[in-house]
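Data from data.pdb: PDB, C-alpha atoms and all ligand atoms
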ATOM      1  CA  MET A 763     337.184 -68.493  30.511
ATOM      2  CA  ASN A 764     340.392 -69.378  28.699
ATOM      3  CA  HIS A 765     340.535 -66.073  26.838
ATOM      4  CA  LYS A 766     340.995 -64.198  30.120
ATOM      5  CA  ILE A 767     344.015 -66.294  31.013
ATOM      6  CA  PHE A 768     345.580 -65.657  27.604
ATOM      7  CA  ALA A 769     345.001 -61.956  28.075
ATOM      8  CA  LEU A 770     346.688 -61.946  31.471
ATOM      9  CA  ILE A 771     349.914 -63.726  30.581
ATOM     10  CA  PRO A 772     351.335 -61.051  28.233
ATOM     11  CA  LEU A 773     350.535 -58.356  30.801
ATOM     12  CA  ALA A 774     352.389 -60.261  33.508
ATOM     13  CA  ALA A 775     355.343 -60.836  31.198
ATOM     14  CA  LEU A 776     355.454 -57.115  30.380
ATOM     15  CA  ALA A 777     355.358 -56.221  34.036
ATOM     16  CA  PHE A 778     358.345 -58.460  34.810
ATOM     17  CA  SER A 779     360.407 -57.352  31.824
ATOM     18  CA  GLY A 780     359.946 -53.738  32.863
ATOM     19  CA  CYS A 781     361.329 -54.326  36.333
ATOM     20  CA  LYS A 782     365.113 -54.105  36.462
ATOM     21  CA  THR A 783     366.859 -55.557  39.476
ATOM     22  CA  ASP A 784     368.960 -52.407  39.918
ATOM     23  CA  ASP A 785     365.811 -50.393  40.563
ATOM     24  CA  VAL A 786     365.980 -51.581  44.165
ATOM     25  CA  GLU A 787     368.839 -50.434  46.371
ATOM     26  CA  PRO A 788     370.029 -52.947  48.973
ATOM     27  CA  ILE A 789     369.471 -51.763  52.535
ATOM     28  CA  ASN A 790     373.222 -51.902  53.160
ATOM     29  CA  ALA A 791     374.103 -49.826  50.060
ATOM     30  CA  GLY A 792     377.176 -47.728  50.739
ATOM     31  CA  LYS A 793     378.023 -49.782  53.806
ATOM     32  CA  VAL A 794     381.010 -52.039  54.261
ATOM     33  CA  ALA A 795     381.306 -55.238  56.320
ATOM     34  CA  LEU A 796     384.342 -57.184  57.529
ATOM     35  CA  SER A 797     384.817 -60.958  57.682
ATOM     36  CA  ALA A 798     387.657 -63.397  58.375
ATOM     37  CA  ASP A 799     388.143 -66.950  57.175
ATOM     38  CA  PRO A 800     389.246 -69.074  58.921
ATOM     39  CA  VAL A 801     388.876 -67.602  62.392
ATOM     40  CA  THR A 802     391.428 -69.956  63.930
ATOM     41  CA  ILE A 803     394.915 -70.374  62.490
ATOM     42  CA  SER A 804     397.985 -72.317  63.505
ATOM     43  CA  GLU A 805     401.124 -70.514  64.531
ATOM     44  CA  ASP A 806     402.808 -72.977  62.199
ATOM     45  CA  GLY A 807     402.226 -71.265  58.855
ATOM     46  CA  GLY A 808     398.552 -70.444  59.347
ATOM     47  CA  SER A 809     396.844 -67.569  57.578
ATOM     48  CA  SER A 810     393.399 -65.983  57.495
ATOM     49  CA  VAL A 811     391.808 -63.939  54.733
ATOM     50  CA  LEU A 812     390.224 -60.671  55.840
ATOM     51  CA  THR A 813     387.554 -59.464  53.424
ATOM     52  CA  ALA A 814     385.833 -56.088  53.248
ATOM     53  CA  THR A 815     382.540 -56.334  51.367
ATOM     54  CA  LEU A 816     380.293 -53.501  50.212
ATOM     55  CA  GLY A 817     376.510 -53.673  50.105
ATOM     56  CA  SER A 818     376.704 -52.150  46.612
ATOM     57  CA  VAL A 819     379.532 -51.067  44.302
ATOM     58  CA  MET A 820     380.769 -47.501  44.665
ATOM     59  CA  GLU A 821     382.006 -45.028  42.056
ATOM     60  CA  GLU A 822     385.159 -44.202  44.037
ATOM     61  CA  ASP A 823     387.731 -46.354  45.831
ATOM     62  CA  VAL A 824     386.743 -47.338  49.360
ATOM     63  CA  VAL A 825     389.578 -47.459  51.889
ATOM     64  CA  VAL A 826     389.129 -49.406  55.122
ATOM     65  CA  MET A 827     391.754 -48.845  57.804
ATOM     66  CA  LEU A 828     392.022 -51.716  60.279
ATOM     67  CA  ALA A 829     392.969 -51.626  63.949
ATOM     68  CA  PHE A 830     394.439 -54.713  65.626
ATOM     69  CA  SER A 831     394.125 -55.376  69.338
ATOM     70  CA  GLY A 832     394.046 -58.400  71.642
ATOM     71  CA  ASP A 833     396.932 -60.307  73.184
ATOM     72  CA  ALA A 834     398.602 -61.165  69.862
ATOM     73  CA  GLU A 835     400.952 -58.473  68.674
ATOM     74  CA  SER A 836     401.156 -57.209  65.098
ATOM     75  CA  GLY A 837     404.656 -57.659  63.674
ATOM     76  CA  LYS A 838     405.575 -60.168  66.401
ATOM     77  CA  ASP A 839     402.818 -62.803  66.480
ATOM     78  CA  PHE A 840     401.293 -62.058  63.097
ATOM     79  CA  ASN A 841     401.711 -59.888  60.010
ATOM     80  CA  ALA A 842     398.946 -58.087  58.152
ATOM     81  CA  ASP A 843     398.370 -54.884  56.240
ATOM     82  CA  ALA A 844     396.281 -52.384  58.157
ATOM     83  CA  GLN A 845     394.434 -51.303  55.018
ATOM     84  CA  ILE A 846     391.966 -52.875  52.612
ATOM     85  CA  THR A 847     391.221 -50.883  49.469
ATOM     86  CA  ILE A 848     388.144 -51.772  47.455
ATOM     87  CA  PRO A 849     388.711 -50.350  43.959
ATOM     88  CA  LYS A 850     385.820 -48.414  42.437
ATOM     89  CA  GLY A 851     383.364 -50.689  40.685
ATOM     90  CA  GLN A 852     384.309 -53.718  42.811
ATOM     91  CA  ILE A 853     382.154 -55.204  45.545
ATOM     92  CA  SER A 854     384.913 -56.518  47.809
ATOM     93  CA  SER A 855     388.628 -56.795  48.429
ATOM     94  CA  LYS A 856     390.810 -58.891  50.713
ATOM     95  CA  ILE A 857     394.147 -59.095  52.474
ATOM     96  CA  THR A 858     395.895 -62.029  54.118
ATOM     97  CA  LEU A 859     396.908 -62.119  57.775
ATOM     98  CA  THR A 860     399.751 -64.557  58.477
ATOM     99  CA  ALA A 861     400.872 -66.091  61.766
ATOM    100  CA  VAL A 862     404.535 -65.789  62.823
ATOM    101  CA  GLN A 863     406.218 -68.990  63.971
ATOM    102  CA  ASP A 864     408.251 -69.035  67.180
ATOM    103  CA  THR A 865     409.312 -71.503  69.881
ATOM    104  CA  ILE A 866     407.727 -69.649  72.799
ATOM    105  CA  LYS A 867     405.122 -71.461  74.909
ATOM    106  CA  GLU A 868     402.701 -68.530  75.041
ATOM    107  CA  GLY A 869     399.413 -70.422  74.634
ATOM    108  CA  ASN A 870     396.693 -69.455  72.179
ATOM    109  CA  GLU A 871     396.472 -65.765  71.413
ATOM    110  CA  THR A 872     393.654 -63.618  70.109
ATOM    111  CA  ILE A 873     393.579 -60.873  67.497
ATOM    112  CA  GLN A 874     390.641 -58.453  67.467
ATOM    113  CA  VAL A 875     390.279 -56.724  64.135
ATOM    114  CA  ASP A 876     388.192 -53.556  64.054
ATOM    115  CA  MET A 877     387.519 -50.946  61.402
ATOM    116  CA  GLN A 878     389.400 -47.876  62.537
ATOM    117  CA  SER A 879     388.077 -45.722  59.712
ATOM    118  CA  VAL A 880     386.355 -46.000  56.355
ATOM    119  CA  THR A 881     386.781 -43.564  53.477
ATOM    120  CA  GLY A 882     384.303 -43.551  50.599
ATOM    121  CA  ALA A 883     381.668 -45.621  52.395
ATOM    122  CA  GLU A 884     380.299 -46.234  55.860
ATOM    123  CA  GLU A 885     380.990 -48.996  58.400
ATOM    124  CA  ASP A 886     377.933 -51.285  58.540
ATOM    125  CA  GLY A 887     377.164 -50.931  62.231
ATOM    126  CA  VAL A 888     380.103 -52.148  64.308
ATOM    127  CA  GLN A 889     382.261 -54.510  62.281
ATOM    128  CA  LYS A 890     384.828 -56.577  64.134
ATOM    129  CA  VAL A 891     386.209 -60.073  63.847
ATOM    130  CA  GLU A 892     388.252 -62.209  66.198
ATOM    131  CA  ILE A 893     391.018 -64.542  65.074
ATOM    132  CA  VAL A 894     392.768 -67.068  67.326
ATOM    133  CA  ILE A 895     396.395 -68.057  66.747
ATOM    134  CA  GLU A 896     396.945 -71.566  68.066
ATOM    135  CA  ASP A 897     400.323 -72.023  69.715
ATOM    136  CA  ASP A 898     402.014 -75.162  68.412
ATOM    137  CA  ASP A 899     404.540 -75.194  71.272
ATOM    138  CA  VAL A 900     401.979 -76.336  73.863
ATOM    139  CA  PRO A 901     399.478 -79.247  73.729
ATOM    140  CA  ALA A 902     396.386 -78.500  71.614
ATOM    141  CA  GLN A 903     393.693 -76.639  73.549
ATOM    142  CA  PHE A 904     389.969 -77.312  73.261
ATOM    143  CA  ASN A 905     388.472 -74.905  70.751
ATOM    144  CA  MET A 906     384.909 -75.842  69.781
ATOM    145  CA  VAL A 907     381.738 -73.829  69.700
ATOM    146  CA  ILE A 908     378.055 -74.688  69.980
ATOM    147  CA  ASN A 909     376.731 -73.197  66.749
ATOM    148  CA  GLU A 910     373.087 -74.315  66.619
ATOM    149  CA  VAL A 911     370.533 -75.851  68.966
ATOM    150  CA  LEU A 912     367.064 -77.172  68.154
ATOM    151  CA  TYR A 913     365.173 -77.797  71.375
ATOM    152  CA  ASP A 914     361.692 -77.136  70.030
ATOM    153  CA  PRO A 915     361.103 -78.813  66.646
ATOM    154  CA  SER A 916     357.856 -77.752  65.006
ATOM    155  CA  ASN A 917     354.970 -80.193  65.427
ATOM    156  CA  ASN A 918     353.329 -78.956  62.211
ATOM    157  CA  GLY A 919     353.385 -81.978  59.871
ATOM    158  CA  LEU A 920     356.995 -82.805  59.018
ATOM    159  CA  ASP A 921     358.243 -79.227  59.514
ATOM    160  CA  GLY A 922     360.155 -80.412  62.553
ATOM    161  CA  ASP A 923     361.724 -83.490  60.953
ATOM    162  CA  ALA A 924     365.260 -82.205  61.488
ATOM    163  CA  ASN A 925     366.918 -85.627  61.335
ATOM    164  CA  GLY A 926     365.251 -86.260  57.967
ATOM    165  CA  ASP A 927     363.948 -89.718  58.765
ATOM    166  CA  GLY A 928     360.425 -89.009  57.588
ATOM    167  CA  SER A 929     358.751 -88.714  60.948
ATOM    168  CA  TYR A 930     358.358 -85.976  63.505
ATOM    169  CA  SER A 931     359.357 -86.719  67.065
ATOM    170  CA  GLN A 932     359.886 -84.077  69.729
ATOM    171  CA  ALA A 933     362.576 -86.184  71.407
ATOM    172  CA  GLU A 934     364.329 -87.512  68.296
ATOM    173  CA  ASP A 935     364.480 -84.360  66.156
ATOM    174  CA  GLU A 936     366.110 -82.213  68.797
ATOM    175  CA  PHE A 937     369.771 -81.606  68.017
ATOM    176  CA  VAL A 938     372.878 -79.713  68.937
ATOM    177  CA  GLU A 939     375.518 -78.705  66.383
ATOM    178  CA  PHE A 940     379.147 -78.152  67.342
ATOM    179  CA  VAL A 941     381.990 -76.876  65.158
ATOM    180  CA  ASN A 942     385.671 -77.622  65.713
ATOM    181  CA  LEU A 943     387.326 -74.226  65.390
ATOM    182  CA  SER A 944     390.792 -75.618  65.999
ATOM    183  CA  SER A 945     393.320 -76.015  63.197
ATOM    184  CA  GLN A 946     393.823 -79.529  64.592
ATOM    185  CA  ALA A 947     391.548 -82.566  64.701
ATOM    186  CA  ILE A 948     389.950 -83.287  68.070
ATOM    187  CA  ASP A 949     389.235 -86.698  69.597
ATOM    188  CA  LEU A 950     385.878 -86.504  71.397
ATOM    189  CA  SER A 951     385.908 -90.115  72.639
ATOM    190  CA  GLY A 952     384.273 -90.246  76.051
ATOM    191  CA  TYR A 953     382.999 -86.666  75.968
ATOM    192  CA  LYS A 954     379.509 -86.231  77.390
ATOM    193  CA  ILE A 955     376.415 -84.109  76.869
ATOM    194  CA  PHE A 956     374.149 -83.457  79.847
ATOM    195  CA  ASP A 957     370.981 -81.503  80.357
ATOM    196  CA  THR A 958     370.220 -80.085  83.779
ATOM    197  CA  GLU A 959     368.315 -83.145  85.016
ATOM    198  CA  ASN A 960     370.934 -85.634  83.883
ATOM    199  CA  SER A 961     373.820 -83.615  85.253
ATOM    200  CA  LEU A 962     372.241 -84.153  88.687
ATOM    201  CA  THR A 963     372.085 -87.921  88.262
ATOM    202  CA  GLY A 964     375.437 -88.146  86.462
ATOM    203  CA  THR A 965     374.015 -90.151  83.548
ATOM    204  CA  PRO A 966     374.854 -88.374  80.283
ATOM    205  CA  ASN A 967     372.188 -87.743  77.670
ATOM    206  CA  HIS A 968     374.935 -88.609  75.216
ATOM    207  CA  LEU A 969     378.235 -90.411  75.682
ATOM    208  CA  VAL A 970     380.396 -89.826  72.609
ATOM    209  CA  PRO A 971     381.594 -93.209  71.275
ATOM    210  CA  ASN A 972     385.265 -94.094  71.067
ATOM    211  CA  GLY A 973     386.941 -93.105  67.826
ATOM    212  CA  THR A 974     384.930 -89.913  67.262
ATOM    213  CA  ILE A 975     387.425 -87.574  65.633
ATOM    214  CA  ILE A 976     386.299 -84.179  64.343
ATOM    215  CA  GLN A 977     388.527 -82.655  61.687
ATOM    216  CA  PRO A 978     389.528 -78.956  61.766
ATOM    217  CA  GLY A 979     386.663 -76.640  60.895
ATOM    218  CA  LYS A 980     384.150 -79.499  60.675
ATOM    219  CA  ALA A 981     380.807 -79.934  62.392
ATOM    220  CA  PHE A 982     379.574 -82.516  64.896
ATOM    221  CA  VAL A 983     375.817 -83.021  65.256
ATOM    222  CA  VAL A 984     373.994 -85.021  67.906
ATOM    223  CA  PHE A 985     370.282 -85.711  67.393
ATOM    224  CA  GLY A 986     368.023 -86.969  70.132
ATOM    225  CA  GLY A 987     367.413 -90.157  68.173
ATOM    226  CA  GLY A 988     365.762 -91.624  65.110
ATOM    227  CA  THR A 989     367.573 -92.515  61.907
ATOM    228  CA  PRO A 990     369.325 -89.385  60.634
ATOM    229  CA  THR A 991     368.956 -89.390  56.863
ATOM    230  CA  GLY A 992     370.830 -86.980  54.615
ATOM    231  CA  THR A 993     374.314 -85.626  54.052
ATOM    232  CA  PHE A 994     374.267 -82.967  56.801
ATOM    233  CA  GLY A 995     377.133 -81.170  55.041
ATOM    234  CA  GLY A 996     379.463 -84.088  55.661
ATOM    235  CA  ALA A 997     379.300 -83.519  59.416
ATOM    236  CA  THR A 998     379.870 -86.287  61.934
ATOM    237  CA  VAL A 999     376.316 -87.212  62.983
ATOM    238  CA  GLN A1000     375.298 -89.259  66.016
ATOM    239  CA  THR A1001     372.126 -90.001  67.949
ATOM    240  CA  SER A1002     372.112 -89.655  71.705
ATOM    241  CA  THR A1003     373.051 -92.779  73.653
ATOM    242  CA  SER A1004     370.153 -92.152  76.049
ATOM    243  CA  GLY A1005     367.659 -91.704  73.206
ATOM    244  CA  ASP A1006     366.731 -88.210  74.318
ATOM    245  CA  LEU A1007     368.624 -84.932  74.630
ATOM    246  CA  ASN A1008     365.596 -83.853  76.666
ATOM    247  CA  LEU A1009     366.096 -80.136  76.189
ATOM    248  CA  ASN A1010     363.160 -78.481  77.901
ATOM    249  CA  ASN A1011     361.699 -75.425  76.259
ATOM    250  CA  ALA A1012     362.263 -73.431  79.410
ATOM    251  CA  GLY A1013     364.864 -73.384  82.109
ATOM    252  CA  ASP A1014     367.239 -76.029  80.813
ATOM    253  CA  GLU A1015     370.958 -75.993  80.254
ATOM    254  CA  LEU A1016     373.088 -78.107  77.947
ATOM    255  CA  LEU A1017     376.583 -79.014  79.126
ATOM    256  CA  PHE A1018     379.467 -80.399  77.056
ATOM    257  CA  VAL A1019     381.902 -82.204  79.331
ATOM    258  CA  SER A1020     385.333 -83.634  78.492
ATOM    259  CA  ALA A1021     386.319 -87.255  79.111
ATOM    260  CA  ALA A1022     388.247 -85.954  82.120
ATOM    261  CA  GLY A1023     385.058 -84.373  83.501
ATOM    262  CA  ASP A1024     385.717 -80.706  82.764
ATOM    263  CA  THR A1025     382.708 -78.676  81.628
ATOM    264  CA  LEU A1026     383.904 -77.052  78.414
ATOM    265  CA  LEU A1027     380.740 -75.526  76.946
ATOM    266  CA  ARG A1028     377.359 -74.476  78.300
ATOM    267  CA  PHE A1029     374.250 -73.492  76.409
ATOM    268  CA  ASN A1030     371.586 -71.884  78.537
ATOM    269  CA  ILE A1031     368.162 -72.265  76.945
ATOM    270  CA  GLU A1032     366.405 -69.990  79.417
ATOM    271  CA  PRO A1033     367.058 -66.639  77.665
ATOM    272  CA  LEU A1034     365.819 -68.119  74.378
ATOM    273  CA  SER A1035     362.719 -69.857  75.723
ATOM    274  CA  ASN A1036     359.952 -68.638  73.511
ATOM    275  CA  ASN A1037     358.889 -71.918  71.878
ATOM    276  CA  PRO A1038     360.072 -70.868  68.428
ATOM    277  CA  ASN A1039     359.294 -74.137  66.557
ATOM    278  CA  GLU A1040     362.728 -73.756  64.940
ATOM    279  CA  SER A1041     366.377 -73.753  65.913
ATOM    280  CA  TYR A1042     368.568 -71.069  67.372
ATOM    281  CA  THR A1043     371.765 -70.590  65.392
ATOM    282  CA  ARG A1044     374.694 -68.298  65.633
ATOM    283  CA  TYR A1045     374.474 -65.676  62.915
ATOM    284  CA  PRO A1046     376.854 -65.192  61.280
ATOM    285  CA  ASP A1047     377.768 -68.840  61.812
ATOM    286  CA  ILE A1048     380.396 -69.470  64.492
ATOM    287  CA  THR A1049     381.005 -65.841  65.447
ATOM    288  CA  GLY A1050     377.524 -64.367  65.845
ATOM    289  CA  ASP A1051     374.959 -64.355  68.615
ATOM    290  CA  PHE A1052     372.113 -66.882  68.729
ATOM    291  CA  GLU A1053     369.120 -65.939  66.608
ATOM    292  CA  GLN A1054     366.105 -67.789  65.275
ATOM    293  CA  HIS A1055     367.122 -69.702  62.173
ATOM    294  CA  SER A1056     364.375 -68.458  59.857
ATOM    295  CA  ALA A1057     365.464 -64.862  60.381
ATOM    296  CA  HIS A1058     368.292 -65.608  57.944
ATOM    297  CA  SER A1059     367.034 -68.561  55.900
ATOM    298  CA  THR A1060     363.914 -70.096  54.423
ATOM    299  CA  LYS A1061     364.739 -73.198  56.536
ATOM    300  CA  LEU A1062     363.876 -73.809  60.179
ATOM    301  CA  PHE A1063     367.243 -75.447  60.959
ATOM    302  CA  SER A1064     370.497 -76.534  59.319
ATOM    303  CA  PRO A1065     372.066 -79.470  61.189
ATOM    304  CA  GLY A1066     375.646 -79.981  59.973
ATOM    305  CA  THR A1067     375.742 -76.985  57.619
ATOM    306  CA  LYS A1068     375.977 -73.229  57.805
ATOM    307  CA  VAL A1069     372.730 -71.251  57.842
ATOM    308  CA  ASP A1070     372.904 -70.890  54.049
ATOM    309  CA  GLY A1071     373.112 -74.677  53.613
ATOM    310  CA  THR A1072     376.789 -74.821  52.657
ATOM    311  CA  ALA A1073     379.175 -77.221  54.391
ATOM    312  CA  PHE A1074     381.514 -76.188  57.169
TER
HETATM  313 CA    CA B   1     405.858 -72.443  67.458
HETATM  314 CA    CA B   2     404.575 -70.267  70.276
HETATM  315 CA    CA B   3     362.435 -87.143  62.518
HETATM  316 CA    CA B   4     373.723 -75.133  61.201
END
Written as structure tokens, how would this file's structure read?
Amino acid sequence: MNHKIFALIPLAALAFSGCKTDDVEPINAGKVALSADPVTISEDGGSSVLTATLGSVMEEDVVVMLAFSGDAESGKDFNADAQITIPKGQISSKITLTAVQDTIKEGNETIQVDMQSVTGAEEDGVQKVEIVIEDDDVPAQFNMVINEVLYDPSNNGLDGDANGDGSYSQAEDEFVEFVNLSSQAIDLSGYKIFDTENSLTGTPNHLVPNGTIIQPGKAFVVFGGGTPTGTFGGATVQTSTSGDLNLNNAGDELLFVSAAGDTLLRFNIEPLSNNPNESYTRYPDITGDFEQHSAHSTKLFSPGTKVDGTAF
């Protein structure tokens, strides 16, 4: 039947060559989104790049007017243009927001950036970003986020082998991913992770070893156990000191507690208890709400990296 195969190949090739990529309009064509990077900056010379990105290029300039709110004041605590212009034919444009140094002990301050108006395109839903200015006149404040949690690794073959050690284990492949949002390194020595059961007994599921320092913007991943194998985006990777994070698929809570005993972060699994066989991740990373990982990726999880696989 070889002749049939030979007959089919040219037809398939013709079909592909006749299909231009610009035949298909993206669903966000004519819409503009806003992002900020990084989302935490130091008062001491820090800056963040605000980017307006179109879903498709436009034939006229697109002008995005920004509105700043929050407890940081424009012109006093930071400086930024209130306008981003995307020239016609370009997909995006950016401005830089810069922190203003002072000697006032005001604590960390927050800037909310919203789109006040858009000319030449349409705001893609509600676009807003939040930027924190870290005061360098007071001791560094804790500023980490839980970005991804896998409490229900898939038991289908090795689909759930999140720690990459070549075997699936419900207890070992569970993980939690943190990101240090601070512009300063943080020493997590003696910090603890508890689930609900262990918080009652006082024995942590994980006691962070001495000397665990997470650099600014970098990720920290704790697996239940096993032998984590891979690069994990260069994240600091540990396995739980108890051998089990023991995150139940329903009705459990994960607590992140400082060495001094203060509960700093909580992740409540209950609202997300639908046995997804994949992780829940913030989307967009860091700033978004928790969503199932595969909604935004071909992967079921991304320990140590952003959803798209790039490093923090
Ligand atoms: Ca200062
Ligand atoms: Ca200050
Ligand atoms: Ca494994
Ligand atoms: Ca991730």
Legend entry - 8 Å shell around ligand CA 2 (chain B) using all atoms listed in the file, listed as a VMD selection string: chain A and resid 805 863 to 869 897 to 900
Legend entry - Contacts of ligand CA 3 (chain B), 9 Å or closer, only C-alpha atoms and all ligand atoms, given as a list in words: Leu920, Gly922, Asp923, Ala924, Asn925, Gly926, Asp927, Gly928, Ser929, Tyr930, Ser931, Gln932, Ala933, Glu934, Asp935, Glu936, Gly987, Gly988, Thr989, Pro990 and Thr991 of chain A
Inset, instruction - Evaluate the PyMOL selection byres (((chain A and resi 1016) around 7) and not hetatm) on the structure here and hand back the selected residues as a ChimeraX atom specification. - result: /A:955-958,1014-1015,1017-1018,1028-1030
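Shortest atom-to-atom contact with ligand CA 4 (chain B) among A:Lys838, A:Lys954, A:Lys793, A:Lys980: A:Lys980, counting only C-alpha atoms and all ligand atoms.
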Legend entry - Pick from A:Pro978, A:Val824, A:Leu969, A:Asn942 nearest to Val1019 of chain A, counting only C-alpha atoms: A:Leu969
Inset, instruction - Taking the file above as input, evaluate the PyMOL selection byres (((not hetatm)) within 7 of (chain B and resi 4)) and report the hits as a list in words. - result: Asn909, Glu910, Glu939, Thr1043, Phe1063, Ser1064, Pro1065, Gly1066, Thr1067, Lys1068 and Val1069 of chain A
Legend entry - Residues matched by the PyMOL selection byres (((chain A and resi 875) around 6) and not hetatm) as a VMD selection string: chain A and resid 829 to 830 874 876 890 to 891
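Using only C-alpha atoms, the smallest distance between any of A:Gly979, A:Gly837, A:Gly996, A:Gly882 and Met820 of chain A comes from A:Gly882.
Atom CA of Asn1010 of chain A is positioned 28.7 Å from atom CA of Ile975 of chain A.
Minimum atom-to-atom distances from A:Leu912, A:Met877, A:Leu1007, A:Ala1057 to Asn967 of chain A were compared using only C-alpha atoms, and the lowest value belongs to A:Leu1007.
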Inset, instruction - Compare A:Ile895, A:Val999, A:Ala1022, A:Val970 by their minimum atom-to-atom distance to ligand CA 1 (chain B), counting only C-alpha atoms and all ligand atoms, and give me the closest one. - result: A:Ile895
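Nearest residue to Leu1027 of chain A among A:Ala1012, A:Ile948, A:Ala798, A:Ile908 is A:Ile908, counting all atoms listed in the file.
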Inset, instruction - Fewer than 5 positions away in the same chain doesn't count, so skip those; otherwise give me all residues within 12 Å of Asn972 of chain A, counting all atoms listed in the file, as an MDAnalysis selection string. - result: chainID A and resid 949:954 1021
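Counting from atom CA of Leu796 of chain A, the distance to atom CA of Thr1072 of chain A is 19.8 Å.
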Draw an axis-aligned box over all listed atoms of segment 923-942 of chain A, pad each side with 5 Å, and write its centre and edge lengths in Å, one decimal, as AutoDock Vina command-line options.
--center_x 372.0 --center_y -83.3 --center_z 64.5 --size_x 37.3 --size_y 22.8 --size_z 23.8
Inset, instruction - Please indicate the distance in Å from atom CA of Ser804 of chain A to atom CA of Ala842 of chain A, rounded to one decimal place. - result: 15.2 Å
